[in-house]
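Enquirer: model.pdb (PDB, C-alpha atoms, pLDDT in the B column) pasted underneath:
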ATOM      1  CA  MET A  49       5.663   4.501  -1.403  1.00 43.00           C
ATOM      2  CA  GLY A  50       5.216   7.465   0.943  1.00 47.00           C
ATOM      3  CA  ASP A  51       2.354   9.906   0.739  1.00 51.00           C
ATOM      4  CA  SER A  52       4.541  12.749  -0.550  1.00 47.00           C
ATOM      5  CA  ALA A  53       5.772  10.582  -3.401  1.00 42.00           C
ATOM      6  CA  ASN A  54       2.240   9.555  -4.261  1.00 46.00           C
ATOM      7  CA  ARG A  55       1.217  13.203  -4.373  1.00 47.00           C
ATOM      8  CA  ARG A  56       3.922  13.885  -6.935  1.00 40.00           C
ATOM      9  CA  LEU A  57       3.070  10.859  -9.032  1.00 35.00           C
ATOM     10  CA  VAL A  58      -0.699  10.787  -8.985  1.00 37.00           C
ATOM     11  CA  LEU A  59      -1.918  14.360  -8.633  1.00 41.00           C
ATOM     12  CA  GLY A  60      -5.650  14.120  -9.145  1.00 37.00           C
ATOM     13  CA  GLY A  61      -8.079  15.981 -10.950  1.00 36.00           C
ATOM     14  CA  LEU A  62     -11.884  17.528  -2.257  1.00 33.00           C
ATOM     15  CA  GLY A  63     -14.161  19.398   8.696  1.00 37.00           C
ATOM     16  CA  GLY A  64     -12.296  21.652  10.257  1.00 37.00           C
ATOM     17  CA  LEU A  65     -13.875  25.027  11.068  1.00 39.00           C
ATOM     18  CA  ALA A  66     -17.498  25.215  12.066  1.00 42.00           C
ATOM     19  CA  LEU A  67     -19.432  27.529   9.770  1.00 45.00           C
ATOM     20  CA  GLY A  68     -21.265  28.923  12.773  1.00 45.00           C
ATOM     21  CA  ALA A  69     -18.003  30.592  13.788  1.00 44.00           C
ATOM     22  CA  THR A  70     -17.386  32.376  10.501  1.00 42.00           C
ATOM     23  CA  ALA A  71     -18.498  35.755  11.780  1.00 41.00           C
ATOM     24  CA  ALA A  72     -15.788  35.725  14.443  1.00 43.00           C
ATOM     25  CA  ALA A  73     -12.474  37.352  13.570  1.00 46.00           C
ATOM     26  CA  HIS A  74      -9.437  35.031  13.487  1.00 50.00           C
ATOM     27  CA  ALA A  75      -5.993  35.803  14.786  1.00 63.00           C
ATOM     28  CA  GLN A  76      -3.689  36.557  11.888  1.00 77.00           C
ATOM     29  CA  PRO A  77      -1.839  33.352  10.943  1.00 89.00           C
ATOM     30  CA  ALA A  78       1.763  33.365   9.881  1.00 93.00           C
ATOM     31  CA  ILE A  79       2.496  33.097   6.170  1.00 95.00           C
ATOM     32  CA  ARG A  80       3.817  29.595   5.551  1.00 95.00           C
ATOM     33  CA  ARG A  81       7.321  29.619   4.097  1.00 93.00           C
ATOM     34  CA  ASP A  82       6.447  26.539   2.025  1.00 94.00           C
ATOM     35  CA  LEU A  83       2.932  27.636   1.065  1.00 96.00           C
ATOM     36  CA  TYR A  84       3.521  27.402  -2.671  1.00 95.00           C
ATOM     37  CA  ASN A  85       4.922  24.381  -4.475  1.00 87.00           C
ATOM     38  CA  GLY A  86       6.075  24.791  -8.069  1.00 88.00           C
ATOM     39  CA  GLU A  87       4.992  21.250  -8.922  1.00 88.00           C
ATOM     40  CA  LEU A  88       1.362  22.419  -8.770  1.00 92.00           C
ATOM     41  CA  ASP A  89       1.723  25.313 -11.206  1.00 89.00           C
ATOM     42  CA  TYR A  90       0.360  23.232 -14.063  1.00 87.00           C
ATOM     43  CA  LEU A  91      -3.006  23.229 -12.331  1.00 88.00           C
ATOM     44  CA  ALA A  92      -3.245  27.009 -12.528  1.00 87.00           C
ATOM     45  CA  ARG A  93      -2.604  26.815 -16.263  1.00 86.00           C
ATOM     46  CA  GLU A  94      -5.081  23.994 -16.707  1.00 85.00           C
ATOM     47  CA  PHE A  95      -7.930  25.796 -14.969  1.00 85.00           C
ATOM     48  CA  SER A  96      -7.220  29.314 -16.233  1.00 79.00           C
ATOM     49  CA  GLY A  97      -9.538  29.102 -19.236  1.00 76.00           C
ATOM     50  CA  ALA A  98     -12.303  27.171 -17.517  1.00 82.00           C
ATOM     51  CA  ALA A  99     -12.476  28.713 -14.067  1.00 83.00           C
ATOM     52  CA  THR A 100     -15.800  30.450 -14.535  1.00 83.00           C
ATOM     53  CA  ARG A 101     -17.411  27.276 -15.905  1.00 90.00           C
ATOM     54  CA  ILE A 102     -16.475  25.009 -12.982  1.00 95.00           C
ATOM     55  CA  PRO A 103     -19.592  24.224 -10.896  1.00 96.00           C
ATOM     56  CA  ALA A 104     -19.895  24.266  -7.111  1.00 97.00           C
ATOM     57  CA  ARG A 105     -21.359  20.717  -7.038  1.00 98.00           C
ATOM     58  CA  ILE A 106     -19.946  17.708  -8.867  1.00 98.00           C
ATOM     59  CA  GLN A 107     -19.973  13.920  -8.985  1.00 98.00           C
ATOM     60  CA  ILE A 108     -16.504  12.326  -8.952  1.00 98.00           C
ATOM     61  CA  ALA A 109     -17.389   8.627  -8.992  1.00 98.00           C
ATOM     62  CA  GLY A 110     -20.250   7.373 -11.115  1.00 95.00           C
ATOM     63  CA  ALA A 111     -22.984   5.060  -9.908  1.00 95.00           C
ATOM     64  CA  SER A 112     -21.159   2.008 -11.289  1.00 97.00           C
ATOM     65  CA  GLU A 113     -17.957   2.682  -9.317  1.00 98.00           C
ATOM     66  CA  PRO A 114     -17.456  -0.058  -6.677  1.00 98.00           C
ATOM     67  CA  GLY A 115     -17.519   1.167  -3.115  1.00 98.00           C
ATOM     68  CA  GLU A 116     -19.642   2.821  -0.477  1.00 98.00           C
ATOM     69  CA  ARG A 117     -21.221   6.120  -1.494  1.00 98.00           C
ATOM     70  CA  MET A 118     -19.844   9.306   0.058  1.00 98.00           C
ATOM     71  CA  ALA A 119     -20.749  13.001   0.019  1.00 98.00           C
ATOM     72  CA  ILE A 120     -18.438  15.804   1.192  1.00 98.00           C
ATOM     73  CA  SER A 121     -19.365  19.469   1.440  1.00 98.00           C
ATOM     74  CA  GLY A 122     -18.065  22.637   3.039  1.00 98.00           C
ATOM     75  CA  HIS A 123     -17.247  26.313   2.673  1.00 98.00           C
ATOM     76  CA  THR A 124     -14.096  28.295   2.003  1.00 98.00           C
ATOM     77  CA  LEU A 125     -13.505  30.916   4.688  1.00 98.00           C
ATOM     78  CA  SER A 126     -11.335  34.027   4.784  1.00 98.00           C
ATOM     79  CA  TRP A 127      -8.244  33.730   6.944  1.00 96.00           C
ATOM     80  CA  ARG A 128      -8.780  37.341   7.973  1.00 95.00           C
ATOM     81  CA  THR A 129     -12.482  37.441   8.902  1.00 96.00           C
ATOM     82  CA  GLY A 130     -13.799  33.890   8.727  1.00 97.00           C
ATOM     83  CA  GLU A 131     -16.440  34.968   6.202  1.00 98.00           C
ATOM     84  CA  PRO A 132     -17.267  32.692   3.212  1.00 98.00           C
ATOM     85  CA  VAL A 133     -15.235  33.318   0.042  1.00 98.00           C
ATOM     86  CA  PRO A 134     -16.734  32.641  -3.411  1.00 97.00           C
ATOM     87  CA  GLY A 135     -14.883  31.727  -6.594  1.00 96.00           C
ATOM     88  CA  VAL A 136     -12.231  29.462  -5.055  1.00 96.00           C
ATOM     89  CA  ILE A 137     -11.297  26.314  -6.991  1.00 96.00           C
ATOM     90  CA  ILE A 138     -10.874  23.145  -4.930  1.00 97.00           C
ATOM     91  CA  TYR A 139      -9.232  20.181  -6.617  1.00 96.00           C
ATOM     92  CA  ALA A 140      -9.850  16.821  -4.948  1.00 97.00           C
ATOM     93  CA  TYR A 141      -8.645  13.320  -5.697  1.00 96.00           C
ATOM     94  CA  HIS A 142      -8.532  10.025  -3.864  1.00 97.00           C
ATOM     95  CA  THR A 143      -7.982   6.291  -4.167  1.00 97.00           C
ATOM     96  CA  ASP A 144     -10.597   3.760  -5.200  1.00 97.00           C
ATOM     97  CA  ASN A 145     -12.021   1.154  -2.829  1.00 98.00           C
ATOM     98  CA  THR A 146      -8.825  -0.907  -3.164  1.00 97.00           C
ATOM     99  CA  GLY A 147      -6.548   1.972  -2.138  1.00 97.00           C
ATOM    100  CA  ARG A 148      -5.199   2.690  -5.650  1.00 96.00           C
ATOM    101  CA  TYR A 149      -5.096   5.798  -7.856  1.00 95.00           C
ATOM    102  CA  ASP A 150      -4.611   3.912 -11.127  1.00 93.00           C
ATOM    103  CA  GLY A 151      -6.450   4.675 -14.338  1.00 93.00           C
ATOM    104  CA  GLY A 152      -6.120   8.413 -14.869  1.00 89.00           C
ATOM    105  CA  PRO A 153      -5.943   9.830 -18.401  1.00 86.00           C
ATOM    106  CA  ALA A 154      -2.900   8.568 -20.287  1.00 84.00           C
ATOM    107  CA  GLY A 155      -0.044  11.036 -20.494  1.00 78.00           C
ATOM    108  CA  THR A 156      -1.228  13.106 -17.516  1.00 81.00           C
ATOM    109  CA  ARG A 157      -0.457  13.270 -13.832  1.00 82.00           C
ATOM    110  CA  HIS A 158      -4.093  12.847 -12.855  1.00 89.00           C
ATOM    111  CA  ALA A 159      -5.636  10.131 -10.728  1.00 94.00           C
ATOM    112  CA  ARG A 160      -8.765   8.419 -12.003  1.00 96.00           C
ATOM    113  CA  LEU A 161     -11.067   9.549  -9.207  1.00 97.00           C
ATOM    114  CA  ARG A 162     -10.661  13.290  -9.273  1.00 96.00           C
ATOM    115  CA  GLY A 163     -12.644  16.466  -9.727  1.00 95.00           C
ATOM    116  CA  TRP A 164     -12.674  20.197  -9.206  1.00 94.00           C
ATOM    117  CA  VAL A 165     -15.296  22.555  -7.869  1.00 97.00           C
ATOM    118  CA  ARG A 166     -15.533  26.346  -7.696  1.00 96.00           C
ATOM    119  CA  THR A 167     -17.174  27.730  -4.594  1.00 97.00           C
ATOM    120  CA  GLY A 168     -20.499  29.462  -5.110  1.00 97.00           C
ATOM    121  CA  ALA A 169     -21.706  32.859  -3.971  1.00 97.00           C
ATOM    122  CA  ASP A 170     -22.047  31.495  -0.434  1.00 98.00           C
ATOM    123  CA  GLY A 171     -18.518  30.070  -0.477  1.00 98.00           C
ATOM    124  CA  GLY A 172     -19.942  26.545  -0.573  1.00 98.00           C
ATOM    125  CA  TYR A 173     -18.946  23.426  -2.498  1.00 98.00           C
ATOM    126  CA  SER A 174     -19.886  19.753  -2.505  1.00 98.00           C
ATOM    127  CA  PHE A 175     -19.082  16.532  -4.290  1.00 98.00           C
ATOM    128  CA  THR A 176     -20.237  12.950  -4.279  1.00 98.00           C
ATOM    129  CA  SER A 177     -17.980   9.951  -4.832  1.00 98.00           C
ATOM    130  CA  ILE A 178     -17.122   6.662  -3.156  1.00 98.00           C
ATOM    131  CA  LYS A 179     -15.366   6.318   0.173  1.00 98.00           C
ATOM    132  CA  PRO A 180     -11.635   5.814  -0.491  1.00 98.00           C
ATOM    133  CA  ALA A 181      -9.639   2.994   1.045  1.00 98.00           C
ATOM    134  CA  PRO A 182      -6.199   3.180   2.718  1.00 98.00           C
ATOM    135  CA  TYR A 183      -3.163   2.400   0.578  1.00 97.00           C
ATOM    136  CA  PRO A 184      -2.624  -1.345   0.048  1.00 96.00           C
ATOM    137  CA  ASP A 185       0.554  -1.218   2.172  1.00 97.00           C
ATOM    138  CA  ARG A 186      -1.495   0.314   5.027  1.00 95.00           C
ATOM    139  CA  THR A 187       0.964   3.186   5.493  1.00 95.00           C
ATOM    140  CA  MET A 188      -1.738   5.856   5.395  1.00 95.00           C
ATOM    141  CA  PRO A 189      -5.328   6.171   6.531  1.00 97.00           C
ATOM    142  CA  ALA A 190      -8.020   6.604   3.925  1.00 98.00           C
ATOM    143  CA  HIS A 191      -7.854  10.219   2.766  1.00 98.00           C
ATOM    144  CA  ILE A 192      -8.844  12.755   0.138  1.00 98.00           C
ATOM    145  CA  HIS A 193      -6.197  15.124  -1.213  1.00 97.00           C
ATOM    146  CA  TYR A 194      -7.187  18.786  -1.573  1.00 98.00           C
ATOM    147  CA  ILE A 195      -5.475  21.523  -3.555  1.00 96.00           C
ATOM    148  CA  VAL A 196      -6.763  25.098  -3.350  1.00 97.00           C
ATOM    149  CA  LEU A 197      -6.521  27.664  -6.133  1.00 95.00           C
ATOM    150  CA  GLU A 198      -7.650  31.155  -5.170  1.00 95.00           C
ATOM    151  CA  PRO A 199      -8.173  33.770  -7.904  1.00 92.00           C
ATOM    152  CA  GLY A 200      -4.855  35.359  -8.847  1.00 91.00           C
ATOM    153  CA  LYS A 201      -2.804  33.141  -6.494  1.00 94.00           C
ATOM    154  CA  PRO A 202      -0.645  30.045  -7.022  1.00 94.00           C
ATOM    155  CA  PRO A 203      -2.209  26.717  -5.978  1.00 95.00           C
ATOM    156  CA  TYR A 204      -1.324  25.162  -2.657  1.00 97.00           C
ATOM    157  CA  TRP A 205      -1.876  21.974  -0.666  1.00 96.00           C
ATOM    158  CA  ILE A 206      -4.043  21.850   2.424  1.00 98.00           C
ATOM    159  CA  ASP A 207      -4.412  19.046   4.953  1.00 98.00           C
ATOM    160  CA  ASP A 208      -6.002  15.895   3.560  1.00 98.00           C
ATOM    161  CA  VAL A 209      -9.498  14.961   4.559  1.00 98.00           C
ATOM    162  CA  VAL A 210      -9.239  11.972   6.887  1.00 98.00           C
ATOM    163  CA  PHE A 211     -12.026  10.213   8.734  1.00 98.00           C
ATOM    164  CA  ASP A 212     -12.138  10.520  12.504  1.00 98.00           C
ATOM    165  CA  GLY A 213     -11.991   7.245  14.412  1.00 96.00           C
ATOM    166  CA  GLU A 214     -10.976   5.157  11.411  1.00 97.00           C
ATOM    167  CA  PHE A 215      -7.769   3.257  10.624  1.00 97.00           C
ATOM    168  CA  ARG A 216      -4.674   5.206  11.788  1.00 97.00           C
ATOM    169  CA  VAL A 217      -6.559   8.448  12.477  1.00 98.00           C
ATOM    170  CA  ASP A 218      -5.385   8.397  16.074  1.00 96.00           C
ATOM    171  CA  ALA A 219      -3.838  10.853  18.512  1.00 96.00           C
ATOM    172  CA  ALA A 220      -0.365  10.404  17.013  1.00 95.00           C
ATOM    173  CA  TYR A 221      -1.625  11.117  13.490  1.00 96.00           C
ATOM    174  CA  LYS A 222      -3.585  14.176  14.619  1.00 97.00           C
ATOM    175  CA  ALA A 223      -0.542  15.554  16.460  1.00 96.00           C
ATOM    176  CA  LYS A 224       1.438  15.580  13.216  1.00 96.00           C
ATOM    177  CA  MET A 225      -1.188  17.439  11.183  1.00 96.00           C
ATOM    178  CA  GLU A 226      -0.125  20.922  10.111  1.00 95.00           C
ATOM    179  CA  ASN A 227      -3.602  22.439  10.119  1.00 96.00           C
ATOM    180  CA  ARG A 228      -3.167  23.705   6.569  1.00 97.00           C
ATOM    181  CA  GLY A 229      -6.474  25.128   5.479  1.00 98.00           C
ATOM    182  CA  GLY A 230      -7.921  24.270   8.867  1.00 97.00           C
ATOM    183  CA  ASN A 231      -8.408  20.863  10.407  1.00 96.00           C
ATOM    184  CA  GLY A 232      -8.924  18.069   7.869  1.00 97.00           C
ATOM    185  CA  VAL A 233     -10.192  15.496  10.382  1.00 98.00           C
ATOM    186  CA  THR A 234     -13.785  14.903   9.352  1.00 98.00           C
ATOM    187  CA  THR A 235     -16.506  13.063  11.246  1.00 98.00           C
ATOM    188  CA  LEU A 236     -18.598  10.893   8.953  1.00 98.00           C
ATOM    189  CA  THR A 237     -22.220   9.988   9.510  1.00 98.00           C
ATOM    190  CA  ARG A 238     -24.274   7.677   7.335  1.00 97.00           C
ATOM    191  CA  PRO A 239     -27.807   8.979   6.820  1.00 91.00           C
ATOM    192  CA  GLU A 240     -29.717   6.987   4.229  1.00 93.00           C
ATOM    193  CA  GLY A 241     -26.713   4.788   3.455  1.00 96.00           C
ATOM    194  CA  VAL A 242     -24.369   7.566   2.248  1.00 98.00           C
ATOM    195  CA  TRP A 243     -21.253   8.493   4.218  1.00 98.00           C
ATOM    196  CA  THR A 244     -21.517  12.240   4.735  1.00 98.00           C
ATOM    197  CA  GLY A 245     -18.965  14.736   6.048  1.00 98.00           C
ATOM    198  CA  VAL A 246     -18.038  18.416   6.149  1.00 98.00           C
ATOM    199  CA  ARG A 247     -14.634  19.887   5.347  1.00 98.00           C
ATOM    200  CA  ASP A 248     -14.633  23.666   5.741  1.00 98.00           C
ATOM    201  CA  ILE A 249     -11.445  25.347   4.542  1.00 98.00           C
ATOM    202  CA  ARG A 250      -9.766  28.296   6.194  1.00 98.00           C
ATOM    203  CA  LEU A 251      -7.854  29.860   3.327  1.00 98.00           C
ATOM    204  CA  GLU A 252      -4.169  30.472   3.883  1.00 98.00           C
ATOM    205  CA  ARG A 253      -2.609  33.887   4.274  1.00 97.00           C
ATOM    206  CA  HIS A 254      -0.570  34.854   1.191  1.00 96.00           C
ATOM    207  CA  PRO A 255       2.567  36.961   0.820  1.00 93.00           C
ATOM    208  CA  ALA A 256       1.830  40.591  -0.046  1.00 85.00           C
TER     209      ALA A 256
END
If you convert what's in this file into structure tokens, what do you get?

Expert:
Amino acid sequence: MGDSANRRLVLGGLGGLALGATAAAHAQPAIRRDLYNGELDYLAREFSGAATRIPARIQIAGASEPGERMAISGHTLSWRTGEPVPGVIIYAYHTDNTGRYDGGPAGTRHARLRGWVRTGADGGYSFTSIKPAPYPDRTMPAHIHYIVLEPGKPPYWIDDVVFDGEFRVDAAYKAKMENRGGNGVTTLTRPEGVWTGVRDIRLERHPA
């Protein structure tokens, strides 16, 4: 099954820009014609009553979850100025260490390994989990899906987090990336036995 189909079926329930460059002004990006996707509207309804209670730091996979430990962090940055933006919800989900999404709550569209954060006053977020595996059919590299929900705006997809130098994250894959929300190719290091990476998000420009 392709990645787009998996997104529709298993919507879960988290770098590109260097934070040191946030003070620099960015050229105005074009507004993407396909920025919004009606299939994600349920997320806006789901989070509407809980937005202010969503923390900036979460744990997605518990200590008993099989797999190698992973920690991802970053900041949300204004498309206009590159400055950090607080109060943005980031919804992340990924496969387990066998490459599967199975086991989400019955009767929902959610994957089992999922979570949402709301960026803090400094625009920052972080989560811990396990390192996902590629799909069993090996059609995709290991990745983490991200959906962004800015206050007062519809939710939208950004480029998946993928791990530089790993299975299928090659020049051909990188050439096809759309750079939604900035570059999702993340370099992992492993200090103290935990895979660690940064995924900063350049927020998309919205229609007036």

Enquirer: Go through A:Gly155, A:Pro103, A:Pro203, A:Gly147 and flag the residue nearest A:Tyr173, using all atoms listed in the file for the distances.

Expert: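 Checking each of A:Gly155, A:Pro103, A:Pro203, A:Gly147 against A:Tyr173, counting all atoms listed in the file, the winner is A:Pro103.
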
Enquirer: So how far away is atom CA of A:Ile195 from atom CA of A:Gly168, in Å?

Expert: 17.1 Å

Enquirer: Using all atoms listed in the file, pick whichever of A:Leu91, A:Ala99, A:Val136, A:Ile120 has the shortest atom-to-atom distance to A:His158.

Expert: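 Smallest distance to A:His158 is found for A:Leu91.
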
Enquirer: Evaluate the PyMOL selection byres ((chain A and resi 104) around 8) against this structure - the residues, as a list in words, please.

Expert: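 This file, filtered by the PyMOL selection byres ((chain A and resi 104) around 8), leaves Ile102, Pro103, Arg105, Ile106, Val165, Arg166, Thr167, Gly168, Gly172, Tyr173 and Ser174 of chain A.
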
Enquirer: Kindly save the residues from that selection, with C-alpha atoms included, as a PDB file, in the frame of the given file.

Expert:
ATOM      1  CA  ILE A 102     -16.475  25.009 -12.982  1.00 95.00           C
ATOM      2  CA  PRO A 103     -19.592  24.224 -10.896  1.00 96.00           C
ATOM      3  CA  ARG A 105     -21.359  20.717  -7.038  1.00 98.00           C
ATOM      4  CA  ILE A 106     -19.946  17.708  -8.867  1.00 98.00           C
ATOM      5  CA  VAL A 165     -15.296  22.555  -7.869  1.00 97.00           C
ATOM      6  CA  ARG A 166     -15.533  26.346  -7.696  1.00 96.00           C
ATOM      7  CA  THR A 167     -17.174  27.730  -4.594  1.00 97.00           C
ATOM      8  CA  GLY A 168     -20.499  29.462  -5.110  1.00 97.00           C
ATOM      9  CA  GLY A 172     -19.942  26.545  -0.573  1.00 98.00           C
ATOM     10  CA  TYR A 173     -18.946  23.426  -2.498  1.00 98.00           C
ATOM     11  CA  SER A 174     -19.886  19.753  -2.505  1.00 98.00           C
TER      12      SER A 174
END

Enquirer: My list of candidates is A:Glu226, A:Glu198, A:Asp212, A:Glu116. Which is closest to A:Ala181 when distances are computed with all atoms listed in the file?

Expert: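 So, comparing all the options, the nearest one is A:Glu116.
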
Enquirer: Applied to this file, what does the PyMOL selection byres ((chain A and resi 163) around 6) return in terms of residues, put as a list in words?

Expert: Gly61, Ile108, Tyr139, Ala140, Arg162 and Trp164 of chain A

Enquirer: Here's the selection I'm unsure about, the PyMOL selection byres ((chain A and resi 127) around 6); applied to the file above, which residues does it give, as a list in words?

Expert: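 When the PyMOL selection byres ((chain A and resi 127) around 6) is applied, the selected residues are Ser126, Arg128, Thr129, Gly130, Arg250 and Leu251 of chain A.
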
Enquirer: Hey, which of A:Gln76, A:Thr156, A:Thr237, A:Thr124 ends up closest to A:His254? Count only C-alpha atoms.

Expert: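 Smallest distance to A:His254 is found for A:Gln76.
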
Enquirer: What separation in Å, quoted to one decimal, exists between atom CA of A:Glu252 and atom CA of A:Ile178?

Expert: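 Computing it gives 28.0 Å between the two atoms.
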
Enquirer: Rounded to one decimal, what separation in Å do you get between atom CA of A:Thr143 and atom CA of A:Pro184?

Expert: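 Atom CA of A:Thr143 sits 10.2 Å away from atom CA of A:Pro184.
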